[in-house]
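Novice: Before we start, here is the structure in question, set down as structure tokens.
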Amino acid sequence: MPGNTHEGAVLTEYLFQLPSRRPDQPHSTLQARIREMLVNAILEGRLTPDSALPSSRKLARQLAVARNTVMCAYQHLVDEGFLISRERSGFYVNGDILKGRAAPQCPAAGARQKTRRAAVDWQQQLTIHPRQLRDHRKPVNWHEYRYPFICGQYDRELFPIADWRECCREAASISAIHGWARDHIDRDNPELIDQIRRKILPRRGLWVNAEEILVTIGAQQGIYLTAQLLLDPGRAVGIETPGYVDAENTFSIFTRRVKPLPVDRHGLVPDGAFARCDCVYVTPSHQYPTTVTMPQSRRMELLRQAHAHDVILVEDDYESEFNYVGEPSPALKSLDEDGRVIYIGSLSKTLAPGIRLGYLVGPRPFIDQARALRRLMLRHPPSNNQFIIAKFLERGCHDALIARLSHALQARWALLGDLLEQHFPGNSTRPTFGGSSFWVKGPKSLDAGRLAATAAAEGSLLFEPGEIFFHGPARPKNFFRLGFSSIPEERIPDGVEELARRIRAPL
């Protein structure tokens, strides 16, 4: 039919397959089955209002039926109100079909939908249920709040747009495209590996070979790969409490033997439970979420205990770039003489969370297996993104960004620390060396989760309740975390004042 759109032709290839006869209607005609197929496509949203249907000739050829059969089915659906016919153009979905009134009834379609809904019991079919795990989710519209005291987000005013665009333009050159567009199987961009090896890791006291580095889709994939390689139902993993809930969630997929380990003012405590673990996840640079920095004496004790009890340590070097007082402590892995520390790093924390680029560092036997496992998941992170970030590092843009971020965050850190001491004297923990958040202990009567939900619903204030970071059923409700990476400095005083007012007021 003249005038049918290209969209209609594409839909023919993807949407339309003649349904088989149902047991309750063994003698249904071809016309009825075609009508059922089209009505289901409309009601399920696969054919949108006003979209063009394929020509009768095209659909008849695809379904291997007579053209007149398709024409009769089309005309029947026009009579029922599902389709409209436009002269010299073709058949279209009636744009009013679902607007403000019930759709015309098609018993066959309704029965078909009911059959589909009841066909599979997914609760029984699935072997794991990740949606049932504790979900530390933040509002996607956090930037619309006046006082967004949340962690892990970036300040758009500090992002180096011009530098990033220049690196993206270079990735669009012909020679670059020919380089990153081909299949790299399981290999990473060698320039990016070299930049990580020569510029990023030496700041943490790490000097490794290229074969000991694997690029990941953010730190999260590094945690997942590590958990899948090290854990099984019989092995025990130690976690900090309070600690990173998504690391705990990931570990719980592979083992139920998740052991909480206490945290004090020096970070994780390698107590008796530590010795009964096969591996332990730790955040020594800025403990998540309390932000305390583990001193070197505790790090050495951790390594001694790990050696004595044959424990593998998984070091998440969270926010190691942001230090405002003194020199940064060397990474735990830099002190490791046994090769028992798996190091997880991320560039997303400094660049932007949407970049989703991290890396694993470990002994070559481990990295070789992690590379093979990653290949089964996604082969490798997108090569064009790896190219862009390699150029960003090579040109010194990342160094300049860290300096700019550190200057801005240090000012916010000092201001927020003073304000918290003024409003909550003795209850906030000023990060020892830096980071991008404060951990606050509110009054015993405070239900931080309830208060946060109320404040968020009213649309101005966001902060993170601390209950979710604790392990076990009896979790304290009066802790909360205030991030300052995404809130402008000038809004911090009024934001803290509003928070303090809400805490003082009865719920």
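Residue numbers start at 1 in each chain; chains themselves are named A, B, ... in the order of the structure tokens; ligands are numbered from 1 in the order shown.
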Using DSSP on the backbone, list every residue of region 249-451 of chain A that comes out as strand (DSSP E), and give them as a PyMOL selection string.
Specialist: chain A and resi 258-264+267-268+279-282+312-316+341-346+358-361+428-429+437-441
Novice: Find the residues around Gly442 (chain A) up to 9 Å (only C-alpha atoms counted), leave out those fewer than 5 positions away in its own chain, and share them as a list of chain:residue names.
Specialist: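 Counting only C-alpha atoms, the residues come to A:Phe424, A:Asn427, A:Ser428, A:Asp447, A:Ala448, A:Lys477, A:Asn478, A:Phe479, A:Phe480, A:Ile503.
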Novice: Save out the residues we just selected, N, CA and C atoms, as a PDB file, in the first residue's frame.
Specialist:
```pdb
ATOM      1  N   PHE A 424      25.778  19.643  66.454  1.00  0.00           N
ATOM      2  CA  PHE A 424      25.764  18.308  67.057  1.00  0.00           C
ATOM      3  C   PHE A 424      27.082  18.076  67.782  1.00  0.00           C
ATOM      4  N   ASN A 427      29.113  14.597  68.352  1.00  0.00           N
ATOM      5  CA  ASN A 427      28.413  13.466  67.730  1.00  0.00           C
ATOM      6  C   ASN A 427      28.819  13.201  66.286  1.00  0.00           C
ATOM      7  N   SER A 428      29.529  14.117  65.667  1.00  0.00           N
ATOM      8  CA  SER A 428      29.950  13.880  64.284  1.00  0.00           C
ATOM      9  C   SER A 428      31.400  13.436  64.275  1.00  0.00           C
ATOM     10  N   ASP A 447      15.029   8.562  64.601  1.00  0.00           N
ATOM     11  CA  ASP A 447      14.849   7.578  63.540  1.00  0.00           C
ATOM     12  C   ASP A 447      15.256   8.255  62.242  1.00  0.00           C
ATOM     13  N   ALA A 448      16.540   8.114  61.876  1.00  0.00           N
ATOM     14  CA  ALA A 448      17.078   8.843  60.735  1.00  0.00           C
ATOM     15  C   ALA A 448      16.403   8.437  59.427  1.00  0.00           C
ATOM     16  N   LYS A 477      19.248   3.097  64.579  1.00  0.00           N
ATOM     17  CA  LYS A 477      18.514   3.971  63.664  1.00  0.00           C
ATOM     18  C   LYS A 477      18.966   5.424  63.736  1.00  0.00           C
ATOM     19  N   ASN A 478      19.844   5.763  64.678  1.00  0.00           N
ATOM     20  CA  ASN A 478      20.142   7.179  64.907  1.00  0.00           C
ATOM     21  C   ASN A 478      21.409   7.675  64.219  1.00  0.00           C
ATOM     22  N   PHE A 479      22.040   6.843  63.377  1.00  0.00           N
ATOM     23  CA  PHE A 479      23.209   7.293  62.617  1.00  0.00           C
ATOM     24  C   PHE A 479      22.772   7.787  61.237  1.00  0.00           C
ATOM     25  N   PHE A 480      23.523   8.741  60.689  1.00  0.00           N
ATOM     26  CA  PHE A 480      23.284   9.160  59.305  1.00  0.00           C
ATOM     27  C   PHE A 480      24.579   9.690  58.707  1.00  0.00           C
ATOM     28  N   ILE A 503      15.729  17.676  63.168  1.00  0.00           N
ATOM     29  CA  ILE A 503      16.083  16.716  64.220  1.00  0.00           C
ATOM     30  C   ILE A 503      15.533  17.189  65.564  1.00  0.00           C
TER      31      ILE A 503
END
```
Novice: List the neighbours of region 245-255 of chain A out to 6 Å using only C-alpha atoms; skip same-chain residues closer than 2 positions along the sequence, and give me the result as a list in words.
Specialist: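 Final neighbour list, sorted by chain and number: Ala227, Leu231, Asp232, Pro233, Arg257 and Phe469 of chain A.
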Novice: Could you give me, as number ranges by chain, the residues within 12 Å of Thr350 (chain A), counting only C-alpha atoms and dropping anything in the same chain fewer than 5 positions from it?
Specialist: A: 152-155, 158-160, 200, 218, 318-322, 345, 355-358, 393, 397-406, 409, 435-436, 485
Novice: In region 378-458 of chain A, what's helix (DSSP H, G or I) per DSSP? Answer as JSON, numbers by chain?
Specialist: {"A": [378, 383, 384, 385, 386, 387, 388, 389, 390, 391, 392, 393, 394, 397, 398, 399, 400, 401, 402, 403, 404, 405, 406, 407, 408, 409, 410, 411, 412, 413, 414, 415, 416, 417, 418, 419, 420, 421, 422, 423, 448, 449, 450, 451, 452, 453, 454, 455, 456, 457]}
Novice: A:Asp50, A:Glu44, A:Glu144, A:Asp186: which is nearest Leu376 (chain A), counting only C-alpha atoms?
Specialist: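 Selected residue with least distance to Leu376 (chain A): A:Asp186.
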Novice: Skip Arg371 (chain A) itself and residues of its chain fewer than 2 positions away, then list as a CSV table (one decimal) with all heavy atoms, in the first residue's frame all residues within 12 Å of it, counting only C-alpha atoms.
Specialist:
```csv
chain,number,residue,atom,x,y,z
A,185,ILE,N,38.7,-9.1,22.0
A,185,ILE,CA,38.5,-10.4,22.8
A,185,ILE,C,38.4,-10.1,24.3
A,185,ILE,O,37.3,-9.8,24.7
A,185,ILE,CB,39.6,-11.4,22.5
A,185,ILE,CG1,40.0,-11.4,21.0
A,185,ILE,CG2,39.2,-12.8,23.0
A,185,ILE,CD1,39.2,-12.2,20.1
A,186,ASP,N,39.5,-10.3,25.0
A,186,ASP,CA,39.5,-10.0,26.4
A,186,ASP,C,40.6,-9.0,26.9
A,186,ASP,O,40.8,-8.9,28.1
A,186,ASP,CB,39.7,-11.3,27.2
A,186,ASP,CG,41.0,-12.0,26.9
A,186,ASP,OD1,41.8,-11.5,26.1
A,186,ASP,OD2,41.3,-13.1,27.5
A,187,ARG,N,41.1,-8.3,25.9
A,187,ARG,CA,42.2,-7.4,26.2
A,187,ARG,C,41.7,-6.0,26.5
A,187,ARG,O,40.7,-5.6,25.9
A,187,ARG,CB,43.3,-7.4,25.1
A,187,ARG,CG,43.8,-8.7,24.7
A,187,ARG,CD,44.2,-9.6,25.8
A,187,ARG,NE,45.4,-9.1,26.5
A,187,ARG,CZ,45.9,-9.6,27.6
A,187,ARG,NH1,45.4,-10.8,28.1
A,187,ARG,NH2,46.9,-9.1,28.2
A,188,ASP,N,42.5,-5.3,27.3
A,188,ASP,CA,42.1,-3.9,27.6
A,188,ASP,C,43.0,-2.9,26.7
A,188,ASP,O,44.0,-3.4,26.2
A,188,ASP,CB,42.4,-3.6,29.1
A,188,ASP,CG,41.3,-4.3,29.9
A,188,ASP,OD1,40.1,-4.2,29.6
A,188,ASP,OD2,41.7,-4.9,30.9
A,211,GLU,N,50.3,-7.0,33.3
A,211,GLU,CA,49.6,-8.3,33.4
A,211,GLU,C,48.9,-8.4,34.8
A,211,GLU,O,48.1,-9.4,34.9
A,211,GLU,CB,50.5,-9.5,33.2
A,211,GLU,CG,51.1,-9.5,31.8
A,211,GLU,CD,52.3,-8.6,31.7
A,211,GLU,OE1,52.8,-8.1,32.7
A,211,GLU,OE2,52.8,-8.4,30.5
A,212,GLU,N,49.2,-7.5,35.7
A,212,GLU,CA,48.5,-7.6,37.0
A,212,GLU,C,47.4,-6.6,37.2
A,212,GLU,O,46.9,-6.4,38.3
A,212,GLU,CB,49.6,-7.4,38.1
A,212,GLU,CG,50.7,-8.4,38.1
A,212,GLU,CD,51.8,-8.0,39.1
A,212,GLU,OE1,52.5,-7.0,38.8
A,212,GLU,OE2,51.9,-8.7,40.1
A,213,ILE,N,46.9,-6.0,36.0
A,213,ILE,CA,45.8,-5.0,36.1
A,213,ILE,C,44.7,-5.5,35.1
A,213,ILE,O,45.0,-5.9,34.0
A,213,ILE,CB,46.4,-3.6,35.6
A,213,ILE,CG1,47.5,-3.2,36.5
A,213,ILE,CG2,45.2,-2.6,35.6
A,213,ILE,CD1,48.2,-1.9,36.0
A,214,LEU,N,43.5,-5.3,35.6
A,214,LEU,CA,42.3,-5.6,34.8
A,214,LEU,C,41.3,-4.5,34.9
A,214,LEU,O,41.0,-4.1,36.0
A,214,LEU,CB,41.7,-6.9,35.2
A,214,LEU,CG,40.5,-7.4,34.4
A,214,LEU,CD1,40.9,-8.0,33.0
A,214,LEU,CD2,39.6,-8.4,35.1
A,215,VAL,N,40.9,-4.0,33.7
A,215,VAL,CA,39.9,-2.9,33.8
A,215,VAL,C,38.5,-3.5,34.0
A,215,VAL,O,38.2,-4.5,33.5
A,215,VAL,CB,39.9,-2.1,32.4
A,215,VAL,CG1,38.9,-1.0,32.4
A,215,VAL,CG2,41.3,-1.5,32.2
A,216,THR,N,37.7,-2.8,34.8
A,216,THR,CA,36.3,-3.3,35.1
A,216,THR,C,35.3,-2.1,34.9
A,216,THR,O,35.7,-1.0,34.8
A,216,THR,CB,36.3,-3.7,36.6
A,216,THR,OG1,36.6,-2.6,37.5
A,216,THR,CG2,37.2,-4.8,36.9
A,221,GLN,N,31.9,-4.1,39.6
A,221,GLN,CA,32.3,-5.3,38.8
A,221,GLN,C,33.5,-5.9,39.4
A,221,GLN,O,33.6,-7.2,39.4
A,221,GLN,CB,32.5,-5.0,37.3
A,221,GLN,CG,32.5,-6.3,36.6
A,221,GLN,CD,33.0,-6.2,35.1
A,221,GLN,OE1,33.7,-5.2,34.8
A,221,GLN,NE2,32.6,-7.1,34.3
A,222,GLY,N,34.5,-5.1,39.9
A,222,GLY,CA,35.6,-5.7,40.5
A,222,GLY,C,35.3,-6.5,41.7
A,222,GLY,O,35.8,-7.6,42.0
A,225,LEU,N,33.5,-9.8,40.4
A,225,LEU,CA,34.4,-10.8,39.9
A,225,LEU,C,35.2,-11.5,41.0
A,225,LEU,O,35.4,-12.7,41.0
A,225,LEU,CB,35.4,-10.1,38.9
A,225,LEU,CG,34.8,-9.6,37.6
A,225,LEU,CD1,35.8,-8.7,36.9
A,225,LEU,CD2,34.5,-10.9,36.7
A,226,THR,N,35.7,-10.6,42.0
A,226,THR,CA,36.5,-11.2,43.1
A,226,THR,C,35.6,-12.1,43.9
A,226,THR,O,36.1,-13.2,44.3
A,226,THR,CB,37.0,-10.0,44.0
A,226,THR,OG1,37.8,-9.1,43.2
A,226,THR,CG2,37.8,-10.5,45.1
A,229,LEU,N,35.1,-15.5,42.1
A,229,LEU,CA,36.3,-16.3,42.1
A,229,LEU,C,36.7,-16.9,43.4
A,229,LEU,O,37.3,-17.9,43.5
A,229,LEU,CB,37.5,-15.5,41.5
A,229,LEU,CG,37.4,-15.1,40.0
A,229,LEU,CD1,38.5,-14.1,39.6
A,229,LEU,CD2,37.6,-16.4,39.2
A,359,TYR,N,39.2,-0.7,38.2
A,359,TYR,CA,40.3,-1.7,37.8
A,359,TYR,C,40.6,-2.6,39.0
A,359,TYR,O,40.4,-2.2,40.2
A,359,TYR,CB,41.6,-0.9,37.4
A,359,TYR,CG,42.0,0.2,38.3
A,359,TYR,CD1,42.8,0.0,39.3
A,359,TYR,CD2,41.4,1.5,38.0
A,359,TYR,CE1,43.2,1.1,40.1
A,359,TYR,CE2,41.8,2.6,38.8
A,359,TYR,CZ,42.7,2.4,39.9
A,359,TYR,OH,43.0,3.4,40.7
A,360,LEU,N,41.0,-3.8,38.7
A,360,LEU,CA,41.5,-4.7,39.7
A,360,LEU,C,43.0,-4.9,39.6
A,360,LEU,O,43.6,-4.8,38.5
A,360,LEU,CB,40.9,-6.1,39.4
A,360,LEU,CG,39.5,-6.5,39.9
A,360,LEU,CD1,39.1,-7.8,39.4
A,360,LEU,CD2,39.5,-6.4,41.5
A,361,VAL,N,43.7,-5.0,40.7
A,361,VAL,CA,45.1,-5.2,40.7
A,361,VAL,C,45.4,-6.4,41.6
A,361,VAL,O,44.9,-6.5,42.8
A,361,VAL,CB,45.9,-4.0,41.2
A,361,VAL,CG1,47.4,-4.3,41.3
A,361,VAL,CG2,45.6,-2.8,40.4
A,362,GLY,N,46.1,-7.4,41.1
A,362,GLY,CA,46.3,-8.6,41.9
A,362,GLY,C,47.4,-9.5,41.3
A,362,GLY,O,47.9,-9.2,40.2
A,364,ARG,N,49.2,-12.3,39.1
A,364,ARG,CA,48.8,-12.6,37.8
A,364,ARG,C,47.9,-13.9,37.7
A,364,ARG,O,47.0,-13.9,36.9
A,364,ARG,CB,50.1,-12.9,36.9
A,364,ARG,CG,49.7,-13.2,35.5
A,364,ARG,CD,50.9,-13.0,34.5
A,364,ARG,NE,50.4,-13.3,33.2
A,364,ARG,CZ,51.2,-13.2,32.1
A,364,ARG,NH1,52.5,-12.9,32.2
A,364,ARG,NH2,50.7,-13.5,30.9
A,365,PRO,N,48.1,-14.9,38.5
A,365,PRO,CA,47.2,-16.0,38.5
A,365,PRO,C,45.8,-15.6,38.7
A,365,PRO,O,44.8,-16.1,38.1
A,365,PRO,CB,47.7,-17.0,39.5
A,365,PRO,CG,49.2,-16.7,39.6
A,365,PRO,CD,49.3,-15.2,39.4
A,366,PHE,N,45.6,-14.7,39.7
A,366,PHE,CA,44.2,-14.2,39.9
A,366,PHE,C,43.7,-13.4,38.8
A,366,PHE,O,42.5,-13.6,38.3
A,366,PHE,CB,44.2,-13.4,41.2
A,366,PHE,CG,42.9,-12.7,41.5
A,366,PHE,CD1,41.9,-13.5,42.2
A,366,PHE,CD2,42.6,-11.4,41.1
A,366,PHE,CE1,40.7,-12.9,42.5
A,366,PHE,CE2,41.4,-10.9,41.4
A,366,PHE,CZ,40.4,-11.6,42.0
A,367,ILE,N,44.5,-12.5,38.3
A,367,ILE,CA,44.0,-11.6,37.2
A,367,ILE,C,43.8,-12.4,35.9
A,367,ILE,O,42.8,-12.1,35.2
A,367,ILE,CB,45.1,-10.5,36.9
A,367,ILE,CG1,45.2,-9.5,38.1
A,367,ILE,CG2,44.7,-9.7,35.7
A,367,ILE,CD1,43.9,-8.8,38.5
A,368,ASP,N,44.5,-13.4,35.7
A,368,ASP,CA,44.3,-14.2,34.5
A,368,ASP,C,42.9,-14.9,34.6
A,368,ASP,O,42.1,-14.9,33.6
A,368,ASP,CB,45.3,-15.3,34.4
A,368,ASP,CG,46.7,-14.8,33.8
A,368,ASP,OD1,46.7,-13.7,33.4
A,368,ASP,OD2,47.7,-15.5,33.9
A,369,GLN,N,42.5,-15.4,35.8
A,369,GLN,CA,41.2,-16.0,35.9
A,369,GLN,C,40.1,-14.9,35.9
A,369,GLN,O,39.0,-15.2,35.3
A,369,GLN,CB,41.2,-16.8,37.3
A,369,GLN,CG,42.1,-17.9,37.3
A,369,GLN,CD,41.8,-19.0,36.3
A,369,GLN,OE1,40.7,-19.2,35.9
A,369,GLN,NE2,42.8,-19.8,36.0
A,373,LEU,N,36.9,-14.8,33.3
A,373,LEU,CA,35.6,-14.7,33.8
A,373,LEU,C,34.9,-13.4,33.2
A,373,LEU,O,33.7,-13.5,32.8
A,373,LEU,CB,35.6,-14.6,35.4
A,373,LEU,CG,34.2,-14.5,36.0
A,373,LEU,CD1,33.3,-15.7,35.6
A,373,LEU,CD2,34.4,-14.5,37.6
A,374,ARG,N,35.6,-12.3,33.2
A,374,ARG,CA,35.1,-11.1,32.6
A,374,ARG,C,34.7,-11.3,31.2
A,374,ARG,O,33.7,-10.8,30.7
A,374,ARG,CB,36.1,-10.0,32.8
A,374,ARG,CG,35.5,-8.6,32.4
A,374,ARG,CD,36.6,-7.6,32.2
A,374,ARG,NE,37.5,-7.9,31.1
A,374,ARG,CZ,38.5,-7.1,30.7
A,374,ARG,NH1,38.7,-5.9,31.3
A,374,ARG,NH2,39.3,-7.4,29.7
A,375,ARG,N,35.5,-12.1,30.4
A,375,ARG,CA,35.2,-12.3,29.0
A,375,ARG,C,33.9,-13.0,28.8
A,375,ARG,O,33.1,-12.7,27.9
A,375,ARG,CB,36.3,-13.2,28.4
A,375,ARG,CG,36.1,-13.5,26.9
A,375,ARG,CD,37.2,-14.4,26.4
A,375,ARG,NE,37.3,-15.7,27.0
A,375,ARG,CZ,36.5,-16.7,26.8
A,375,ARG,NH1,35.6,-16.6,25.8
A,375,ARG,NH2,36.6,-17.9,27.4
A,376,LEU,N,33.5,-13.9,29.8
A,376,LEU,CA,32.3,-14.6,29.7
A,376,LEU,C,31.1,-13.7,30.0
A,376,LEU,O,30.0,-13.9,29.6
A,376,LEU,CB,32.2,-15.8,30.7
A,376,LEU,CG,33.3,-16.9,30.4
A,376,LEU,CD1,33.2,-17.9,31.5
A,376,LEU,CD2,33.0,-17.5,29.0
A,377,MET,N,31.4,-12.6,30.8
A,377,MET,CA,30.3,-11.6,31.1
A,377,MET,C,30.1,-10.6,30.0
A,377,MET,O,29.0,-10.4,29.5
A,377,MET,CB,30.7,-10.9,32.4
A,377,MET,CG,30.7,-11.7,33.7
A,377,MET,SD,31.2,-10.6,35.1
A,377,MET,CE,30.8,-11.7,36.4
A,378,LEU,N,31.2,-10.0,29.6
A,378,LEU,CA,31.1,-8.9,28.6
A,378,LEU,C,32.3,-8.6,27.7
A,378,LEU,O,32.4,-7.6,27.1
A,378,LEU,CB,30.7,-7.6,29.4
A,378,LEU,CG,31.6,-7.2,30.6
A,378,LEU,CD1,32.9,-6.6,30.2
A,378,LEU,CD2,30.8,-6.2,31.5
A,379,ARG,N,33.2,-9.7,27.7
A,379,ARG,CA,34.4,-9.6,27.0
A,379,ARG,C,35.3,-8.5,27.6
A,379,ARG,O,36.3,-8.8,28.3
A,379,ARG,CB,34.2,-9.3,25.5
A,379,ARG,CG,33.5,-10.5,24.8
A,379,ARG,CD,33.2,-10.2,23.3
A,379,ARG,NE,34.3,-10.5,22.5
A,379,ARG,CZ,34.6,-11.7,22.0
A,379,ARG,NH1,33.9,-12.8,22.4
A,379,ARG,NH2,35.6,-11.9,21.2
A,380,HIS,N,35.0,-7.2,27.4
A,380,HIS,CA,35.8,-6.2,28.1
A,380,HIS,C,35.0,-4.9,28.1
A,380,HIS,O,34.0,-4.8,27.3
A,380,HIS,CB,37.1,-5.9,27.3
A,380,HIS,CG,37.0,-5.6,25.9
A,380,HIS,ND1,36.5,-4.4,25.4
A,380,HIS,CD2,37.1,-6.4,24.8
A,380,HIS,CE1,36.4,-4.5,24.1
A,380,HIS,NE2,36.8,-5.6,23.7
A,381,PRO,N,35.3,-4.0,29.0
A,381,PRO,CA,34.6,-2.7,28.9
A,381,PRO,C,34.8,-2.0,27.6
A,381,PRO,O,35.8,-2.2,26.9
A,381,PRO,CB,35.3,-1.9,30.0
A,381,PRO,CG,35.8,-2.9,31.0
A,381,PRO,CD,36.3,-4.0,30.1
```
Novice: Please determine, counting only C-alpha atoms, which residue among A:Ala453, A:Leu303, A:Val237, A:Leu351 has the shortest atom-to-atom distance to Glu337 (chain A).
Specialist: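 With only C-alpha atoms as the atom set, the closest residue is A:Leu303.
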Novice: Fewer than 2 positions away in the same chain doesn't count, so skip those; otherwise give me all residues within 10 Å of Gly339 (chain A), counting only C-alpha atoms, as a VMD selection string.
Specialist: chain A and resid 312 to 313 333 to 337 341 to 342 362 to 364
Novice: Between CA of Arg57 (chain A) and CA of Arg33 (chain A), what is the distance, to one decimal in Å?
Specialist: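 Distance between the two atoms: 17.3 Å.
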Novice: Which residues are close to Met294 (chain A), i.e. within 9 Å by only C-alpha atoms, leaving aside same-chain residues fewer than 6 positions away? Reply as a list of chain:residue names.
Specialist: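 Once the nearby chain positions are removed, what remains is A:Arg265, A:His266, A:Gly267, A:Leu268, A:Thr283, A:Pro284, A:Ser285, A:His286, A:Gln287, A:Ser329.
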Novice: So, with only C-alpha atoms as the atoms that count, which of A:Leu126, A:Val314, A:Arg134, A:Gly90 lies closest to Pro473 (chain A)?
Specialist: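 Under the stated criterion, the closest residue is A:Arg134.
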Novice: Do you have the CA of Gly472 (chain A)-CA of Phe274 (chain A) distance handy?
Specialist: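 Computing the Euclidean distance for CA of Gly472 (chain A) and CA of Phe274 (chain A) yields 17.1 Å.
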Novice: Which one is closest to Ala308 (chain A): A:Gln31, A:Tyr74, A:Gln296, A:Asp338? Count only C-alpha atoms.
Specialist: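 Closest candidate: A:Asp338.
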Novice: Separation of CA of Asp418 (chain A) and CA of Ser348 (chain A), in Å?
Specialist: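 Taking CA of Asp418 (chain A) as the start and CA of Ser348 (chain A) as the end point, the length is 28.5 Å.
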